[in-house]
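Structure file start.cif with mmCIF, C-alpha atoms and all ligand atoms:
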data_start
loop_
_atom_site.label_atom_id
_atom_site.label_comp_id
_atom_site.auth_asym_id
_atom_site.auth_seq_id
_atom_site.Cartn_x
_atom_site.Cartn_y
_atom_site.Cartn_z
CA MET A 1 7.72 28.09 -8.51
CA SER A 2 10.98 26.16 -8.66
CA ALA A 3 10.72 22.92 -10.55
CA ALA A 4 11.55 19.92 -8.41
CA ILE A 5 11.62 17.65 -11.45
CA HIS A 6 12.48 18.47 -15.04
CA LEU A 7 12.07 15.87 -17.78
CA SER A 8 12.94 16.33 -21.42
CA TYR A 9 11.86 14.25 -24.40
CA LYS A 10 12.50 14.32 -28.10
CA VAL A 11 9.38 13.63 -30.16
CA ASP A 12 10.27 11.91 -33.44
CA GLY A 13 8.36 13.42 -36.33
CA SER A 14 8.89 10.52 -38.68
CA ASP A 15 7.41 7.90 -36.38
CA PHE A 16 3.67 8.00 -35.81
CA THR A 17 3.88 4.68 -33.98
CA GLY A 18 6.11 6.19 -31.33
CA ALA A 19 3.92 9.23 -30.72
CA GLY A 20 2.70 9.20 -27.15
CA THR A 21 5.78 7.54 -25.70
CA ALA A 22 6.67 10.66 -23.72
CA SER A 23 3.09 10.98 -22.48
CA ALA A 24 3.14 7.39 -21.27
CA ALA A 25 6.45 7.99 -19.48
CA ILE A 26 5.04 11.09 -17.77
CA LYS A 27 1.98 9.18 -16.69
CA ARG A 28 4.16 6.50 -15.08
CA ILE A 29 6.25 9.09 -13.25
CA LEU A 30 3.24 11.02 -11.96
CA ARG A 31 1.73 7.77 -10.73
CA GLU A 32 4.98 6.83 -8.99
CA ILE A 33 5.15 10.09 -7.09
CA GLY A 34 1.56 9.66 -5.96
CA VAL A 35 -0.33 12.25 -8.00
CA ASP A 36 -4.11 11.73 -8.04
CA MET A 37 -5.72 9.96 -10.99
CA ASP A 38 -7.70 12.90 -12.29
CA THR A 39 -4.65 15.15 -12.49
CA ILE A 40 -2.65 12.39 -14.16
CA ARG A 41 -5.35 11.91 -16.76
CA ARG A 42 -5.55 15.63 -17.50
CA CYS A 43 -1.78 15.82 -17.95
CA ALA A 44 -1.79 12.70 -20.11
CA ILE A 45 -4.46 14.07 -22.45
CA CYS A 46 -2.73 17.45 -22.84
CA MET A 47 0.67 15.95 -23.43
CA TYR A 48 -0.58 13.25 -25.78
CA GLU A 49 -2.55 15.62 -28.01
CA GLY A 50 0.48 17.90 -28.02
CA GLU A 51 2.80 15.08 -29.02
CA ILE A 52 0.44 13.93 -31.75
CA ASN A 53 0.22 17.48 -33.11
CA MET A 54 3.99 17.81 -33.29
CA VAL A 55 4.19 14.52 -35.18
CA ILE A 56 1.34 15.10 -37.64
CA HIS A 57 1.73 18.84 -38.22
CA ALA A 58 5.30 19.83 -37.40
CA ASN A 59 7.66 16.94 -38.13
CA GLY A 60 8.39 16.41 -34.43
CA GLY A 61 9.83 18.53 -31.67
CA THR A 62 10.66 18.50 -27.98
CA ALA A 63 8.58 18.07 -24.85
CA ASP A 64 9.79 19.50 -21.57
CA VAL A 65 7.91 18.70 -18.41
CA TYR A 66 8.38 20.49 -15.10
CA ILE A 67 6.83 19.16 -11.92
CA ASP A 68 6.77 20.99 -8.61
CA THR A 69 4.47 21.18 -5.58
CA GLU A 70 1.90 23.32 -7.43
CA GLY A 71 1.43 21.27 -10.53
CA VAL A 72 2.78 20.17 -13.89
CA LYS A 73 3.99 22.43 -16.66
CA MET A 74 4.40 20.98 -20.16
CA VAL A 75 6.24 22.84 -22.89
CA LEU A 76 5.90 21.43 -26.41
CA LYS A 77 8.17 23.07 -28.90
CA ASP A 78 8.68 22.47 -32.62
CA ASN A 79 10.25 24.06 -35.68
CA GLY A 80 7.29 23.25 -37.88
CA PRO A 81 5.18 25.48 -40.15
CA GLY A 82 3.56 27.44 -37.32
CA ILE A 83 -0.14 28.28 -37.03
CA ALA A 84 -1.40 31.20 -39.12
CA ASP A 85 -4.73 31.68 -37.33
CA VAL A 86 -4.65 30.43 -33.75
CA GLU A 87 -8.26 31.36 -33.03
CA GLN A 88 -9.41 29.24 -35.96
CA ALA A 89 -7.10 26.38 -34.97
CA MET A 90 -8.63 26.37 -31.48
CA GLN A 91 -12.12 25.72 -32.81
CA GLU A 92 -13.54 22.23 -32.38
CA GLY A 93 -13.44 20.38 -35.67
CA PHE A 94 -10.97 22.65 -37.44
CA SER A 95 -8.17 20.58 -38.90
CA THR A 96 -5.68 20.74 -41.72
CA ALA A 97 -4.69 17.09 -41.17
CA LYS A 98 -4.50 14.86 -44.22
CA GLU A 99 -6.85 11.96 -44.86
CA GLY A 100 -4.29 9.36 -43.77
CA VAL A 101 -4.07 10.89 -40.32
CA ARG A 102 -7.83 10.55 -39.88
CA ASP A 103 -7.59 6.86 -40.68
CA LEU A 104 -5.21 6.58 -37.73
CA GLY A 105 -7.80 7.95 -35.30
CA PHE A 106 -6.61 11.53 -35.11
CA GLY A 107 -7.00 14.70 -37.15
CA ALA A 108 -10.59 15.44 -36.13
CA GLY A 109 -9.73 18.93 -34.97
CA MET A 110 -10.21 18.08 -31.30
CA GLY A 111 -6.60 18.26 -30.11
CA LEU A 112 -6.17 21.92 -29.24
CA PRO A 113 -9.73 22.17 -27.80
CA ASN A 114 -9.03 19.08 -25.68
CA MET A 115 -5.80 20.61 -24.40
CA LYS A 116 -7.66 23.79 -23.52
CA LYS A 117 -10.40 21.83 -21.78
CA TYR A 118 -8.11 19.74 -19.61
CA SER A 119 -5.42 22.28 -18.69
CA ASP A 120 -5.66 25.17 -16.24
CA GLU A 121 -3.58 27.40 -18.47
CA MET A 122 -2.66 27.14 -22.12
CA LEU A 123 -0.44 29.46 -24.08
CA ILE A 124 0.33 29.19 -27.80
CA ASP A 125 3.35 31.01 -29.08
CA THR A 126 3.66 30.51 -32.83
CA GLU A 127 5.16 32.08 -35.91
CA VAL A 128 4.46 30.99 -39.46
CA GLY A 129 7.54 29.43 -40.99
CA LYS A 130 9.35 29.24 -37.66
CA GLY A 131 7.48 26.96 -35.32
CA THR A 132 5.12 26.60 -32.42
CA LYS A 133 5.49 26.49 -28.66
CA VAL A 134 2.53 25.30 -26.63
CA THR A 135 2.75 25.73 -22.85
CA LEU A 136 0.26 23.87 -20.70
CA ILE A 137 -0.19 24.05 -16.95
CA VAL A 138 -2.17 21.54 -14.94
CA ARG A 139 -2.42 22.37 -11.24
CA PHE A 140 -2.75 19.86 -8.44
CA PRO A 141 -6.04 20.06 -6.55
CA LYS A 142 -5.91 22.21 -3.42
CA GLY A 143 -5.56 20.50 -0.06
CA GLY A 144 -3.15 17.59 -0.25
CA GLY A 145 -2.75 15.50 -3.37
CA ASP A 146 0.17 17.60 -4.49
CA GLY A 147 2.20 14.50 -5.04
CA ALA A 148 5.21 15.90 -3.22
CA MET B 149 -19.08 -7.66 -14.58
CA LYS B 150 -15.69 -9.25 -15.06
CA ILE B 151 -13.70 -8.85 -18.27
CA SER B 152 -14.05 -12.62 -18.74
CA GLU B 153 -17.83 -12.12 -18.97
CA VAL B 154 -17.36 -9.42 -21.61
CA ALA B 155 -15.32 -11.91 -23.61
CA GLU B 156 -17.97 -14.57 -23.16
CA ILE B 157 -20.87 -12.33 -24.23
CA LEU B 158 -18.98 -11.27 -27.34
CA ASN B 159 -17.69 -14.77 -28.02
CA ALA B 160 -14.32 -13.04 -28.22
CA GLU B 161 -10.83 -14.33 -28.49
CA THR B 162 -8.37 -13.08 -25.85
CA LEU B 163 -5.20 -11.80 -27.48
CA SER B 164 -3.44 -10.34 -24.47
CA GLY B 165 -3.90 -10.11 -20.70
CA GLU B 166 -5.33 -13.56 -19.90
CA GLU B 167 -4.20 -13.03 -16.30
CA LEU B 168 -6.25 -9.83 -16.00
CA MET B 169 -9.64 -11.31 -16.97
CA ASP B 170 -10.94 -11.15 -13.38
CA ARG B 171 -10.87 -7.37 -13.28
CA GLU B 172 -14.25 -5.71 -12.77
CA VAL B 173 -15.63 -3.33 -15.39
CA ASN B 174 -18.94 -1.46 -15.19
CA SER B 175 -19.16 0.59 -18.36
CA ALA B 176 -17.96 0.75 -21.93
CA CYS B 177 -17.63 3.08 -24.89
CA GLY B 178 -17.34 2.61 -28.62
CA ALA B 179 -15.15 4.87 -30.78
CA ASP B 180 -12.94 4.88 -33.84
CA LEU B 181 -11.56 8.34 -33.21
CA MET B 182 -8.97 8.44 -30.47
CA SER B 183 -9.51 12.19 -30.04
CA ASP B 184 -13.11 11.41 -29.08
CA VAL B 185 -11.90 8.95 -26.49
CA LEU B 186 -9.57 11.61 -25.10
CA ALA B 187 -12.33 14.21 -25.12
CA PHE B 188 -15.30 12.35 -23.71
CA VAL B 189 -14.21 9.22 -21.89
CA THR B 190 -14.15 9.27 -18.11
CA ASP B 191 -14.12 5.92 -16.36
CA GLN B 192 -15.20 3.71 -19.19
CA PRO B 193 -12.88 0.76 -18.70
CA VAL B 194 -13.93 -1.09 -21.87
CA LEU B 195 -13.26 0.42 -25.30
CA LEU B 196 -14.79 -1.11 -28.41
CA THR B 197 -13.15 -0.02 -31.63
CA GLY B 198 -12.66 -0.88 -35.28
CA LEU B 199 -9.37 0.98 -35.35
CA VAL B 200 -6.20 -1.11 -35.15
CA ASN B 201 -2.95 0.74 -34.53
CA PRO B 202 -0.54 1.27 -31.61
CA GLN B 203 -2.15 4.60 -30.75
CA VAL B 204 -5.27 2.72 -29.64
CA ILE B 205 -3.22 0.89 -27.00
CA ARG B 206 -1.47 4.08 -25.97
CA THR B 207 -4.79 5.94 -25.67
CA ALA B 208 -6.13 3.10 -23.52
CA PHE B 209 -3.13 3.24 -21.21
CA LEU B 210 -3.35 7.01 -20.86
CA MET B 211 -7.11 6.94 -20.18
CA ASP B 212 -7.03 4.00 -17.74
CA ILE B 213 -8.97 1.77 -20.10
CA LYS B 214 -8.57 -1.83 -18.95
CA CYS B 215 -9.86 -3.70 -21.97
CA ILE B 216 -9.89 -3.02 -25.71
CA THR B 217 -12.26 -5.06 -27.85
CA PHE B 218 -11.59 -5.02 -31.58
CA VAL B 219 -14.78 -5.52 -33.57
CA ARG B 220 -15.43 -7.25 -36.90
CA GLY B 221 -12.70 -9.81 -36.24
CA LYS B 222 -9.88 -7.30 -36.41
CA LYS B 223 -6.63 -8.28 -34.77
CA PRO B 224 -3.57 -6.31 -33.70
CA ASP B 225 -0.05 -7.27 -34.72
CA GLY B 226 2.68 -8.54 -32.42
CA GLU B 227 4.05 -5.09 -31.70
CA MET B 228 0.67 -3.90 -30.48
CA THR B 229 0.12 -7.00 -28.40
CA ALA B 230 3.51 -6.49 -26.75
CA LEU B 231 2.66 -2.86 -25.99
CA ALA B 232 -0.66 -3.97 -24.45
CA LYS B 233 1.12 -6.54 -22.28
CA LYS B 234 3.59 -3.94 -21.09
CA ASN B 235 0.79 -1.55 -20.20
CA GLY B 236 -1.52 -4.12 -18.60
CA VAL B 237 -4.34 -3.74 -21.12
CA VAL B 238 -6.52 -6.72 -22.06
CA LEU B 239 -7.06 -7.19 -25.81
CA LEU B 240 -10.12 -9.02 -27.15
CA SER B 241 -11.25 -9.65 -30.69
CA THR B 242 -14.89 -10.32 -31.60
CA GLN B 243 -16.55 -11.13 -34.91
CA PHE B 244 -19.52 -8.88 -34.08
CA THR B 245 -19.87 -5.42 -35.63
CA MET B 246 -19.50 -2.35 -33.45
CA TYR B 247 -23.27 -1.89 -33.33
CA LYS B 248 -24.03 -5.46 -32.29
CA ALA B 249 -21.16 -5.72 -29.83
CA CYS B 250 -22.24 -2.53 -28.05
CA GLY B 251 -25.87 -3.64 -28.05
CA LEU B 252 -25.04 -7.04 -26.59
CA LEU B 253 -22.94 -5.62 -23.77
CA TYR B 254 -25.50 -2.92 -23.01
CA SER B 255 -28.34 -5.42 -22.82
CA LYS B 256 -26.32 -7.52 -20.37
CA GLY B 257 -25.93 -4.59 -18.02
CA LEU B 258 -22.71 -2.90 -19.07
CA GLU B 259 -23.51 0.80 -19.27
N1 LIG C 301 2.35 22.04 -33.63
C1 LIG C 301 1.64 22.50 -34.66
N2 LIG C 301 2.27 23.03 -35.75
C2 LIG C 301 1.56 23.50 -36.79
N3 LIG C 301 0.22 23.51 -36.85
C3 LIG C 301 -0.46 23.02 -35.81
C4 LIG C 301 0.20 22.47 -34.65
N4 LIG C 301 -0.73 22.08 -33.78
C5 LIG C 301 -1.92 22.33 -34.33
N5 LIG C 301 -1.77 22.91 -35.56
C6 LIG C 301 -2.84 23.38 -36.47
O1 LIG C 301 -4.03 23.53 -35.74
C7 LIG C 301 -5.05 22.68 -36.28
C8 LIG C 301 -5.95 22.16 -35.16
O2 LIG C 301 -5.22 21.32 -34.29
P1 LIG C 301 -5.98 20.22 -33.44
O3 LIG C 301 -7.10 20.87 -32.70
O4 LIG C 301 -5.00 19.46 -32.62
O5 LIG C 301 -6.64 19.30 -34.54
P2 LIG C 301 -5.99 18.19 -35.48
O6 LIG C 301 -4.63 17.88 -34.96
O7 LIG C 301 -6.92 17.05 -35.37
O8 LIG C 301 -5.95 18.77 -36.86
C9 LIG C 301 -4.30 21.61 -37.02
O9 LIG C 301 -5.06 20.99 -38.02
C10 LIG C 301 -3.12 22.39 -37.59
O10 LIG C 301 -3.51 23.12 -38.72
MG MG C 302 -4.30 17.46 -32.99
#

Take the structure in the file and give it back as structure tokens.
Amino acid sequence: MSAAIHLSYKVDGSDFTGAGTASAAIKRILREIGVDMDTIRRCAICMYEGEINMVIHANGGTADVYIDTEGVKMVLKDNGPGIADVEQAMQEGFSTAKEGVRDLGFGAGMGLPNMKKYSDEMLIDTEVGKGTKVTLIVRFPKGGGDGA
Amino acid sequence: MKISEVAEILNAETLSGEELMDREVNSACGADLMSDVLAFVTDQPVLLTGLVNPQVIRTAFLMDIKCITFVRGKKPDGEMTALAKKNGVVLLSTQFTMYKACGLLYSKGLE
């Protein structure tokens, strides 16, 4: 699986307003290269929840996106506090987000479950005190529609 | 129905996307939590919400929502309006509460 396209974004941890900019850019690119709407939406949701998490929990990070003929791989990496109990974090409704984040429409503990639901593969590599790397793969549907 | 009819039913003010009012919409959803929109929305081109921040516009763009209606007379700032214009999202503002706005649209055939 050699990546035909590699895109890299910095996600600013101090700017909640800007969160989602990279997701929007990816959506535009996927649309331009002719990827089907359902796949675009799944990628957008995964990437957006990932971006939001890096901003609200980890003071920002980087998002690397690789696109090839099979699908889209998103790698979200931060140097934040890490996740002590991944199994617990994956549960719907579990959140350590502060009240202010909830007022902004996030922090309901649905991010990681959403990412799991909409990706084909999800891998969380995390260490407390060091950071978190979330890898998400969304595959193109079989039979055409590979966007290439 | 057309977005212009949504605006009419809700007696809403159009804040962005006047040129997109002819677009057809067939269903709607109401939510204040953007994570809920990301989790449960599939093909609901109208979003009613009481939440006003740029992430609402971004969520709409990412989820192919064509029209955001802010309830209880809430209005976005210039930055949000500019973002909506850039992303081709119609912004409406109605005085009705979430409950009433949803009820009105539902009774007029918007699912
Ligand atoms: N990048 C991250 N760095 C540190 N902790 C994280 C990160 N992403 C998620 N978490 C932890 O996992 C929990 C659940 O995440 P999520 O399902 O996205 O819900 P929410 O973001 O609404 O809290 C968060 O509350 C947080 O404790
Ligand atoms: Mg989250």

Build an axis-aligned box that encloses every atom of range 2-17 of chain A listed in the file, pad it by 6 Å on each side, and report its centre and edge lengths in Å to one decimal, as AutoDock Vina command-line options.
--center_x 8.3 --center_y 15.4 --center_z -23.5 --size_x 21.3 --size_y 33.5 --size_z 42.3

| request: Using only C-alpha atoms, find the residues of chain B whose closest atom to chain A is at most 9 Å away, then write them as a list in words. | output: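 Going by the stated atoms only, the list reads Asp180, Leu181, Met182, Ser183, Asp184, Leu186, Ala187, Leu199, Val200, Asn201, Pro202, Gln203, Val204, Arg206, Thr207, Phe209, Leu210, Met211 and Asp212 of chain B.
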
Next, write the just-selected residues to a file, as an mmCIF file, in the frame of the given file, keeping C-alpha atoms as the atom set.
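The new file part.cif reads:
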data_model
loop_
_atom_site.group_PDB
_atom_site.id
_atom_site.type_symbol
_atom_site.label_atom_id
_atom_site.label_comp_id
_atom_site.auth_asym_id
_atom_site.auth_seq_id
_atom_site.Cartn_x
_atom_site.Cartn_y
_atom_site.Cartn_z
ATOM 1 C CA ASP B 180 -12.940 4.880 -33.840
ATOM 2 C CA LEU B 181 -11.560 8.340 -33.210
ATOM 3 C CA MET B 182 -8.970 8.440 -30.470
ATOM 4 C CA SER B 183 -9.510 12.190 -30.040
ATOM 5 C CA ASP B 184 -13.110 11.410 -29.080
ATOM 6 C CA LEU B 186 -9.570 11.610 -25.100
ATOM 7 C CA ALA B 187 -12.330 14.210 -25.120
ATOM 8 C CA LEU B 199 -9.370 0.980 -35.350
ATOM 9 C CA VAL B 200 -6.200 -1.110 -35.150
ATOM 10 C CA ASN B 201 -2.950 0.740 -34.530
ATOM 11 C CA PRO B 202 -0.540 1.270 -31.610
ATOM 12 C CA GLN B 203 -2.150 4.600 -30.750
ATOM 13 C CA VAL B 204 -5.270 2.720 -29.640
ATOM 14 C CA ARG B 206 -1.470 4.080 -25.970
ATOM 15 C CA THR B 207 -4.790 5.940 -25.670
ATOM 16 C CA PHE B 209 -3.130 3.240 -21.210
ATOM 17 C CA LEU B 210 -3.350 7.010 -20.860
ATOM 18 C CA MET B 211 -7.110 6.940 -20.180
ATOM 19 C CA ASP B 212 -7.030 4.000 -17.740
#

| query | Leaving out Val128 in chain A and any residue of its chain fewer than 2 positions from it, which residues lie within 10 Å of it when counting all atoms listed in the file, given as number ranges by chain? | reply | A: 79-85, 126, 130-132

| task | To one decimal in Å, tell me the separation between CA of Tyr66 in chain A and CA of Thr39 in chain A. | result |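 That distance, rounded to one decimal, is 14.3 Å.
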
| task | Report the distance between CA of Asn174 in chain B and CA of Met246 in chain B in Å, rounded to one decimal place. | result | 18.3 Å

| request: Place a sphere of radius 10 Å on (-9.5, 28.1, -29.8) in the file coordinates and name every protein, DNA or RNA residue with an atom inside or on its surface, counting all atoms listed in the file; give the answer as number ranges by chain. | output: A: 85-92, 94, 112-116

Any chance you can output those residues with C-alpha atoms as a PDB file, keeping the file's coordinate frame?
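Resulting contents of result-v9.pdb:
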ATOM      1  CA  ASP A  85      -4.730  31.680 -37.330  1.00  0.00           C
ATOM      2  CA  VAL A  86      -4.650  30.430 -33.750  1.00  0.00           C
ATOM      3  CA  GLU A  87      -8.260  31.360 -33.030  1.00  0.00           C
ATOM      4  CA  GLN A  88      -9.410  29.240 -35.960  1.00  0.00           C
ATOM      5  CA  ALA A  89      -7.100  26.380 -34.970  1.00  0.00           C
ATOM      6  CA  MET A  90      -8.630  26.370 -31.480  1.00  0.00           C
ATOM      7  CA  GLN A  91     -12.120  25.720 -32.810  1.00  0.00           C
ATOM      8  CA  GLU A  92     -13.540  22.230 -32.380  1.00  0.00           C
ATOM      9  CA  PHE A  94     -10.970  22.650 -37.440  1.00  0.00           C
ATOM     10  CA  LEU A 112      -6.170  21.920 -29.240  1.00  0.00           C
ATOM     11  CA  PRO A 113      -9.730  22.170 -27.800  1.00  0.00           C
ATOM     12  CA  ASN A 114      -9.030  19.080 -25.680  1.00  0.00           C
ATOM     13  CA  MET A 115      -5.800  20.610 -24.400  1.00  0.00           C
ATOM     14  CA  LYS A 116      -7.660  23.790 -23.520  1.00  0.00           C
TER      15      LYS A 116
END

| task | Quote the spacing between CA of Glu99 in chain A and CA of Cys215 in chain B in Å to one decimal place. | result |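 Answer for the CA of Glu99 in chain A to CA of Cys215 in chain B separation: 27.9 Å.
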
| Within 12 Å of (-5.4, -14.2, -18.5), in the coordinates the file gives, what residues turn up when you count all atoms listed in the file, written out as a ChimeraX atom specification? | /B:150-152,155,161-171,215,233,236-240

| note | The residue from A:Ser95, A:Thr135, A:Asn53, A:Thr62 with the smallest atom-to-atom distance to ligand MG 302 (chain C), counting only C-alpha atoms and all ligand atoms, is A:Asn53

| Close residues, range 6-13 of chain A itself excluded, 7 Å, all atoms listed in the file, min 3 positions apart in chain, as a ChimeraX atom specification | /A:3,22,51,54-55,59-67

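Shortest separation to ligand LIG 301 (chain C) among A:His57, A:Lys73, A:Arg139, A:Lys98 occurs at residue A:His57, atoms counted being all atoms listed in the file.
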
| field | Closest of A:Ala58, A:Leu136, A:Leu123, A:Val35 to ligand LIG 301 (chain C) - atom-to-atom distances counting all atoms listed in the file | value |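 For ligand LIG 301 (chain C), the nearest of the given residues is A:Ala58.
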
| remark: Using all atoms listed in the file, the residue out of A:Ile5, A:Ile29, A:Val75, A:Met47 with shortest distance to ligand MG 302 (chain C) is A:Met47
